[in-house]
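Okay, so here's the structure we're looking at.
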Amino acid sequence: MSHTLFLAAVAILCSFASEAGGAEIADGRLVINGAGGAAYAITGHNDLQGSSLEGNPADNFRNVEFNLTLAAKISPRITIATQLFFDEIGAPEAGVDWTFVELRLANWLKVRAGKVKLPLGISNEFEAVGTLRPFYSLPDTVYGPTTISTESYYGAGLTGELFAGPGWTLDYDLYGGQTTVTTLEPYFRLTVPLVPGTVIALDKDNVRGLFGGRLIVGTPIDGLSLRVSGYRGALDDATMVAAMLSVEYAGDRWLVRAEVFRAAEATMNHGGYLEVARYLTSQIQVAAQVQGMRSHAPGVPDGSSLLWHASASLGLNYWFSPGMVVKAAVSELQGNRLAFPRLLDDALLSGSLSKSTPLFTLGTQFSF
Amino acid sequence: MRRRHLLALLLLGLTPRVVAQEPGEFVLIANSGRPEVALSRDEASRIFLRKELSWPQGGEVRPVDQSADLPVRERFSEAVHGRSAQVILRYWLQQVFAGRGTPPPALQSDAEVLEYVARTPGALGYVSSGTRLAGVKTLKLRD
């Protein structure tokens, strides 16, 4: 059975599930949840986020993924959690997103160790769950291969609720260890002699001596929360400092999210997005999103379109249940920071690099 | 006239909150071994969100929820958490996939909740008001 058929079968099963409780085994001591989806996108003449590097054609891509989360409650205060992923974004891949043990000493003090989800911004910890967002993918300026985003870290951390008063709450995370960030830096082609036929690779940079944290402020306005998060670590040739500010309003009908970030190492990246979604009925949701991003790199002319990205998107979603959705979106992307041709050197040499990239995405996502 | 008022409320989007906060639509129940006679809304909310693992008078608390598609879940959610069941479901999805916690088990009916609470030491649940209660104790819900 192909991955697509397998995931379609899983999606149909999941359309009957609307709970976040998943499946429970052994009187709730083992809890299993899953999330995934499948999408097809047409990107016009440019390649979005180097998708063709993983085996997709140059102007369209398929995305099929499934994530399985297991939580084993060893005792009321000790939990072992893991998330496995299976995806086919060009080529099939499987692995462990995270796996860690959590010891709950008090509600304000929980200790976690292992390969832990990185608590960054609003959505980094549940990137795998498409039913928690209005567009198929998370905003790529913040959560794409733009230096800042990384799924998990190896190490240990503390988390908990510091304060819960009338209307206000304050939650925190502190962590240390090491991680790997994925970067896509097409602009560095402007610092070397261009070679026809060259294909840019996604880079993975190790960040050692990682230290970071996050504060979440819950406000008396139901659903409104503020976050500040960031980390610092050492790359091979520079120190990296990343910081993010996030605002979220999540109500019954409205969802509003805005995040801005700044990440400095040898290159400086900054950007952000605003997205608004509203349920017109319990099943139909409309959404809009704008994004912007700018990089500054040594030796690269600041006016190059390879250094900036801007986009606007409109989406229409149909929710069969809270755990199953079909999403369609159209986007117009400007700039070549995240969208450029597979053979970038050839386009630069011939002067045919287009700054404009239309994008149409159709997909389905589920969770249980 | 009453219809007009209802229509006005509907247009203002206020109806779910008004309906959900009417008292007496669900009853909080606990295992009969518990000494507590009442819980505040905040205490109940924190227990059902698994932010609090113990009863106010000590001992492990084992909350049990009702299935998300049951009307009593919506009423409980609005009255205790001050948020719709849909918002609470999204909260749990975030918690689960961040590896931060798992929700209380969700059972399919008042009868199942009643049976679970009666046989499980430390259990806390809720059932539709009017449900015939046996083997459990009711708790008052304070503001």
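As shown in the structure tokens, the chain order sets the letters A, B, ...; within each chain, residues go from 1, and ligands are also counted from 1 in the order they appear.
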Please report as a tab-separated table every residue of chain B lying within 9 Å of chain A, along with the nearest atom pair and their distance in Å (one decimal), using only C-alpha atoms.
residue	atom	partner	partner_atom	distance
B:Lys51	CA	A:Asn107	CA	6.4
B:Glu52	CA	A:Asn107	CA	7.0
B:Leu53	CA	A:Pro76	CA	8.1
B:Glu60	CA	A:Pro76	CA	8.3
B:Ser67	CA	A:Glu19	CA	7.5
B:Ala68	CA	A:Glu19	CA	6.5
B:Asp69	CA	A:Ser18	CA	8.2
B:Gly82	CA	A:Asp222	CA	8.2
B:Arg83	CA	A:Asp222	CA	7.8
B:Ser84	CA	A:Asp252	CA	6.9
B:Gln86	CA	A:Asp252	CA	7.1
B:Val87	CA	A:Asp252	CA	6.3
B:Leu89	CA	A:Ala20	CA	6.0
B:Arg90	CA	A:Leu132	CA	6.8
B:Tyr91	CA	A:Ala20	CA	8.8
B:Trp92	CA	A:Ala20	CA	5.8
B:Leu93	CA	A:Ala20	CA	5.2
B:Gln94	CA	A:Phe126	CA	6.3
B:Gln95	CA	A:Phe126	CA	8.6
B:Val96	CA	A:Ala20	CA	7.5
B:Phe97	CA	A:Phe126	CA	5.4
B:Ala98	CA	A:Glu125	CA	4.9
B:Gly99	CA	A:Ala81	CA	6.0
B:Arg100	CA	A:Glu102	CA	8.7
B:Gly101	CA	A:Ala71	CA	8.2
B:Thr102	CA	A:Gly21	CA	6.8
B:Pro103	CA	A:Gly21	CA	5.8
B:Pro104	CA	A:Gly21	CA	7.5
B:Pro105	CA	A:Gly21	CA	6.7
B:Ala106	CA	A:Gly21	CA	7.2
Go ahead and save the residues from that selection, with N, CA and C atoms, as a short mmCIF file (atom, residue, chain, number, x, y, z; two decimals), in the first residue's frame.
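File part_11.cif, as written:
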data_model
loop_
_atom_site.label_atom_id
_atom_site.label_comp_id
_atom_site.auth_asym_id
_atom_site.auth_seq_id
_atom_site.Cartn_x
_atom_site.Cartn_y
_atom_site.Cartn_z
N LYS B 51 -3.54 20.60 35.85
CA LYS B 51 -2.55 21.49 36.46
C LYS B 51 -2.42 21.17 37.94
N GLU B 52 -3.43 20.58 38.48
CA GLU B 52 -3.43 20.17 39.88
C GLU B 52 -3.69 18.67 39.94
N LEU B 53 -2.78 17.94 40.58
CA LEU B 53 -2.91 16.48 40.60
C LEU B 53 -3.49 15.95 41.91
N GLU B 60 -4.32 11.69 45.54
CA GLU B 60 -4.35 11.85 44.09
C GLU B 60 -5.77 12.00 43.58
N SER B 67 -17.35 12.76 26.72
CA SER B 67 -17.01 12.87 25.30
C SER B 67 -17.34 14.27 24.77
N ALA B 68 -16.50 14.77 23.86
CA ALA B 68 -16.62 16.15 23.40
C ALA B 68 -17.91 16.44 22.65
N ASP B 69 -18.56 15.41 22.13
CA ASP B 69 -19.78 15.69 21.37
C ASP B 69 -21.04 15.65 22.23
N GLY B 82 -14.79 28.35 31.76
CA GLY B 82 -15.10 29.65 31.15
C GLY B 82 -14.75 29.67 29.67
N ARG B 83 -14.58 28.52 29.07
CA ARG B 83 -14.24 28.41 27.65
C ARG B 83 -15.02 27.27 27.04
N SER B 84 -15.20 27.34 25.72
CA SER B 84 -15.97 26.29 25.06
C SER B 84 -15.19 24.99 25.06
N GLN B 86 -14.60 23.25 22.56
CA GLN B 86 -13.72 23.30 21.38
C GLN B 86 -12.36 23.91 21.74
N VAL B 87 -12.38 25.00 22.50
CA VAL B 87 -11.14 25.65 22.90
C VAL B 87 -10.33 24.73 23.82
N LEU B 89 -10.44 21.47 23.80
CA LEU B 89 -9.88 20.41 22.96
C LEU B 89 -8.58 20.86 22.29
N ARG B 90 -8.59 22.10 21.80
CA ARG B 90 -7.36 22.62 21.16
C ARG B 90 -6.23 22.72 22.19
N TYR B 91 -6.59 23.13 23.42
CA TYR B 91 -5.59 23.20 24.49
C TYR B 91 -4.94 21.82 24.69
N TRP B 92 -5.77 20.77 24.70
CA TRP B 92 -5.23 19.43 24.95
C TRP B 92 -4.41 18.93 23.78
N LEU B 93 -4.81 19.27 22.56
CA LEU B 93 -3.99 18.89 21.40
C LEU B 93 -2.60 19.49 21.53
N GLN B 94 -2.55 20.75 21.94
CA GLN B 94 -1.25 21.41 22.11
C GLN B 94 -0.44 20.72 23.19
N GLN B 95 -1.09 20.40 24.30
CA GLN B 95 -0.38 19.77 25.41
C GLN B 95 0.15 18.40 25.01
N VAL B 96 -0.71 17.63 24.35
CA VAL B 96 -0.33 16.26 23.98
C VAL B 96 0.85 16.26 23.01
N PHE B 97 0.76 17.08 21.97
CA PHE B 97 1.79 17.04 20.94
C PHE B 97 3.04 17.82 21.32
N ALA B 98 2.98 18.57 22.39
CA ALA B 98 4.20 19.17 22.94
C ALA B 98 4.80 18.25 23.99
N GLY B 99 4.15 17.13 24.23
CA GLY B 99 4.63 16.21 25.26
C GLY B 99 4.47 16.75 26.66
N ARG B 100 3.47 17.62 26.85
CA ARG B 100 3.31 18.30 28.14
C ARG B 100 2.21 17.71 29.00
N GLY B 101 1.48 16.76 28.50
CA GLY B 101 0.44 16.18 29.34
C GLY B 101 -0.62 15.50 28.51
N THR B 102 -1.44 14.71 29.16
CA THR B 102 -2.55 14.04 28.48
C THR B 102 -3.84 14.37 29.22
N PRO B 103 -4.93 14.48 28.48
CA PRO B 103 -6.20 14.87 29.11
C PRO B 103 -6.78 13.75 29.95
N PRO B 104 -7.73 14.08 30.81
CA PRO B 104 -8.43 13.02 31.54
C PRO B 104 -9.14 12.11 30.54
N PRO B 105 -9.37 10.86 30.91
CA PRO B 105 -10.14 10.00 30.01
C PRO B 105 -11.52 10.60 29.77
N ALA B 106 -12.02 10.45 28.55
CA ALA B 106 -13.35 10.97 28.21
C ALA B 106 -14.28 9.80 27.95
#
Env of Trp168 of chain A: 8 Å cut, atoms = only C-alpha atoms, seq-sep filter 5 positions within chain, self excluded. Answer as a compact mmCIF listing (two decimals) with N, CA, C and O atoms, in the first residue's frame.
# COMPACT_ATOMS: atom_id res chain seq x y z
N PHE A 163 2.87 31.33 38.18
CA PHE A 163 1.86 32.15 38.82
C PHE A 163 0.50 31.90 38.18
O PHE A 163 0.41 31.76 36.97
N VAL A 217 2.64 34.62 29.10
CA VAL A 217 1.75 35.38 29.98
C VAL A 217 0.32 35.18 29.49
O VAL A 217 -0.02 35.55 28.36
N GLY A 218 -0.50 34.58 30.32
CA GLY A 218 -1.93 34.47 30.03
C GLY A 218 -2.63 35.69 30.63
O GLY A 218 -2.32 36.10 31.73
N THR A 219 -3.52 36.30 29.88
CA THR A 219 -4.15 37.55 30.31
C THR A 219 -5.59 37.33 30.74
O THR A 219 -6.18 36.29 30.44
N PRO A 220 -6.17 38.33 31.41
CA PRO A 220 -7.59 38.19 31.80
C PRO A 220 -8.54 38.17 30.61
O PRO A 220 -9.70 37.80 30.75
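The interatomic distance for the pair atom CA of Ser75 of chain A and atom CA of Gly155 of chain A works out to 22.3 Å.
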Distance criterion (only C-alpha atoms): nearest to Glu265 of chain A out of A:Ala156, A:Ile216, A:Leu224, A:Ile148: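 Distance minimum relative to Glu265 of chain A lands on A:Ile148.
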Those in segment 212-340 of chain A with strand (DSSP E or B) from DSSP, as a PyMOL selection string: chain A and resi 212-218+224-234+239-250+254-264+268-279+284-296+308-321+324-334+339-340
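Atom CA of Arg133 of chain A to atom CA of Gly165 of chain A spans 28.6 Å [interatomic distance, one decimal].
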Residue neighbourhood Val80 of chain B, 8 Å, only C-alpha atoms, exclusion window fewer than 5 positions, as a VMD selection string: chain B and resid 41 to 42 44 to 45
Generate the output file for the selected residues, all heavy atoms, as a PDB file, in the first residue's frame.
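Now in part.pdb:
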ATOM      1  N   ARG B  41     -14.727  26.834  41.348  1.00  0.00           N
ATOM      2  CA  ARG B  41     -14.607  26.653  39.885  1.00  0.00           C
ATOM      3  C   ARG B  41     -13.144  26.586  39.483  1.00  0.00           C
ATOM      4  O   ARG B  41     -12.758  25.802  38.609  1.00  0.00           O
ATOM      5  CB  ARG B  41     -15.294  27.819  39.166  1.00  0.00           C
ATOM      6  CG  ARG B  41     -16.788  27.722  39.181  1.00  0.00           C
ATOM      7  CD  ARG B  41     -17.441  28.921  38.505  1.00  0.00           C
ATOM      8  NE  ARG B  41     -18.779  29.073  39.022  1.00  0.00           N
ATOM      9  CZ  ARG B  41     -19.835  28.418  38.559  1.00  0.00           C
ATOM     10  NH1 ARG B  41     -19.702  27.579  37.551  1.00  0.00           N
ATOM     11  NH2 ARG B  41     -21.028  28.588  39.087  1.00  0.00           N
ATOM     12  N   ASP B  42     -12.321  27.432  40.121  1.00  0.00           N
ATOM     13  CA  ASP B  42     -10.903  27.456  39.777  1.00  0.00           C
ATOM     14  C   ASP B  42     -10.239  26.123  40.128  1.00  0.00           C
ATOM     15  O   ASP B  42      -9.445  25.585  39.340  1.00  0.00           O
ATOM     16  CB  ASP B  42     -10.217  28.610  40.510  1.00  0.00           C
ATOM     17  CG  ASP B  42      -8.769  28.746  40.086  1.00  0.00           C
ATOM     18  OD1 ASP B  42      -8.525  28.840  38.870  1.00  0.00           O
ATOM     19  OD2 ASP B  42      -7.884  28.725  40.964  1.00  0.00           O
ATOM     20  N   ALA B  44     -11.699  23.194  40.368  1.00  0.00           N
ATOM     21  CA  ALA B  44     -12.192  22.169  39.437  1.00  0.00           C
ATOM     22  C   ALA B  44     -11.531  22.313  38.072  1.00  0.00           C
ATOM     23  O   ALA B  44     -11.114  21.327  37.450  1.00  0.00           O
ATOM     24  CB  ALA B  44     -13.713  22.273  39.310  1.00  0.00           C
ATOM     25  N   SER B  45     -11.403  23.559  37.611  1.00  0.00           N
ATOM     26  CA  SER B  45     -10.792  23.790  36.300  1.00  0.00           C
ATOM     27  C   SER B  45      -9.352  23.294  36.276  1.00  0.00           C
ATOM     28  O   SER B  45      -8.920  22.604  35.351  1.00  0.00           O
ATOM     29  CB  SER B  45     -10.854  25.284  35.958  1.00  0.00           C
ATOM     30  OG  SER B  45     -10.194  25.533  34.739  1.00  0.00           O
TER      31      SER B  45
END
Residue neighbourhood Gly95 of chain A, 8 Å, only C-alpha atoms, exclusion window fewer than 5 positions, as an NGL selection string: :A and (84-86)
Restrict the selected residues to N, CA, C and O atoms and save them as a compact mmCIF listing (two decimals), in the first residue's frame.
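After the write, selection19.txt holds the following:
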# COMPACT_ATOMS: atom_id res chain seq x y z
N LEU A 84 7.12 9.74 17.00
CA LEU A 84 7.74 9.17 15.81
C LEU A 84 7.14 9.83 14.59
O LEU A 84 5.96 10.19 14.60
N PHE A 85 7.93 10.00 13.55
CA PHE A 85 7.37 10.59 12.34
C PHE A 85 7.67 9.72 11.12
O PHE A 85 8.68 9.02 11.06
N PHE A 86 6.73 9.76 10.20
CA PHE A 86 6.90 9.11 8.92
C PHE A 86 6.48 10.16 7.90
O PHE A 86 5.37 10.68 8.01
So that I can see what lies close to Ala134 of chain B, please list as a CSV table (one decimal) with all heavy atoms, in the first residue's frame the residues with an atom at most 9 Å from it, counting only C-alpha atoms and leaving out residues fewer than 6 positions away in the same chain.
chain,number,residue,atom,x,y,z
B,114,LEU,N,-20.5,7.7,35.9
B,114,LEU,CA,-21.0,7.3,37.3
B,114,LEU,C,-20.3,6.0,37.7
B,114,LEU,O,-19.8,5.9,38.9
B,114,LEU,CB,-22.5,7.1,37.2
B,114,LEU,CG,-23.3,7.1,38.5
B,114,LEU,CD1,-23.1,8.5,39.2
B,114,LEU,CD2,-24.8,6.9,38.2
B,115,GLU,N,-20.2,5.1,36.9
B,115,GLU,CA,-19.6,3.8,37.2
B,115,GLU,C,-18.1,4.0,37.5
B,115,GLU,O,-17.6,3.4,38.5
B,115,GLU,CB,-19.9,2.8,36.0
B,115,GLU,CG,-19.6,1.4,36.3
B,115,GLU,CD,-18.2,1.0,36.0
B,115,GLU,OE1,-17.6,1.6,35.1
B,115,GLU,OE2,-17.6,0.1,36.7
B,118,ALA,N,-17.6,5.8,40.8
B,118,ALA,CA,-18.0,5.0,42.0
B,118,ALA,C,-16.9,3.9,42.3
B,118,ALA,O,-16.6,3.6,43.5
B,118,ALA,CB,-19.3,4.2,41.7
Straight-line distance linking atom CA of Leu362 of chain A with atom CA of Ile200 of chain A, stated in Å to one decimal: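 Atom CA of Leu362 of chain A sits 26.6 Å away from atom CA of Ile200 of chain A.
Inside segment 58-107 of chain B, the residues DSSP reads as helix (DSSP H, G or I) when given the backbone are B:Pro71, B:Val72, B:Arg73, B:Glu74, B:Arg75, B:Phe76, B:Ser77, B:Glu78, B:Ala79, B:Val80, B:His81, B:Ala85, B:Gln86, B:Val87, B:Ile88, B:Leu89, B:Arg90, B:Tyr91, B:Trp92, B:Leu93, B:Gln94, B:Gln95, B:Val96, B:Phe97.
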Contacts of segment 271-273 of chain A within 10 Å, only C-alpha atoms, excl. fewer than 4 positions in-chain, as JSON, numbers by chain: {"A": [139, 140, 141, 142, 143, 146, 244, 245, 246, 257, 258, 259, 260, 261, 262, 263, 289, 290, 291, 292, 293, 294, 295, 308, 309, 310, 311, 312]}
Close residues, Asp87 of chain A itself excluded, 7 Å, only C-alpha atoms, min 5 positions apart in chain, as a ChimeraX atom specification: /A:64-66,92-94
Mind writing the picked residues with N, CA, C and O atoms as a short mmCIF file (atom, residue, chain, number, x, y, z; two decimals), in the first residue's frame?
data_model
loop_
_atom_site.label_atom_id
_atom_site.label_comp_id
_atom_site.auth_asym_id
_atom_site.auth_seq_id
_atom_site.Cartn_x
_atom_site.Cartn_y
_atom_site.Cartn_z
N VAL A 64 3.41 14.30 2.41
CA VAL A 64 2.62 13.29 3.12
C VAL A 64 3.31 13.01 4.44
O VAL A 64 4.51 12.74 4.45
N GLU A 65 2.59 13.13 5.54
CA GLU A 65 3.26 12.90 6.83
C GLU A 65 2.30 12.33 7.86
O GLU A 65 1.10 12.55 7.81
N PHE A 66 2.89 11.58 8.78
CA PHE A 66 2.13 11.02 9.88
C PHE A 66 3.02 11.00 11.12
O PHE A 66 4.18 10.62 11.04
N PRO A 92 10.78 9.19 1.02
CA PRO A 92 10.27 8.69 2.31
C PRO A 92 11.32 8.84 3.41
O PRO A 92 12.51 8.69 3.18
N GLU A 93 10.84 9.14 4.61
CA GLU A 93 11.75 9.32 5.74
C GLU A 93 11.00 8.94 7.01
O GLU A 93 9.78 9.11 7.10
N ALA A 94 11.70 8.43 7.99
CA ALA A 94 11.11 8.10 9.28
C ALA A 94 12.13 8.37 10.37
O ALA A 94 13.33 8.35 10.12
#
Residue nearest Val330 of chain A among A:Val111, A:Ile42, A:Val276, A:Leu174 (counting only C-alpha atoms):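 Once distances to Val330 of chain A are computed over only C-alpha atoms, the minimum belongs to A:Ile42.
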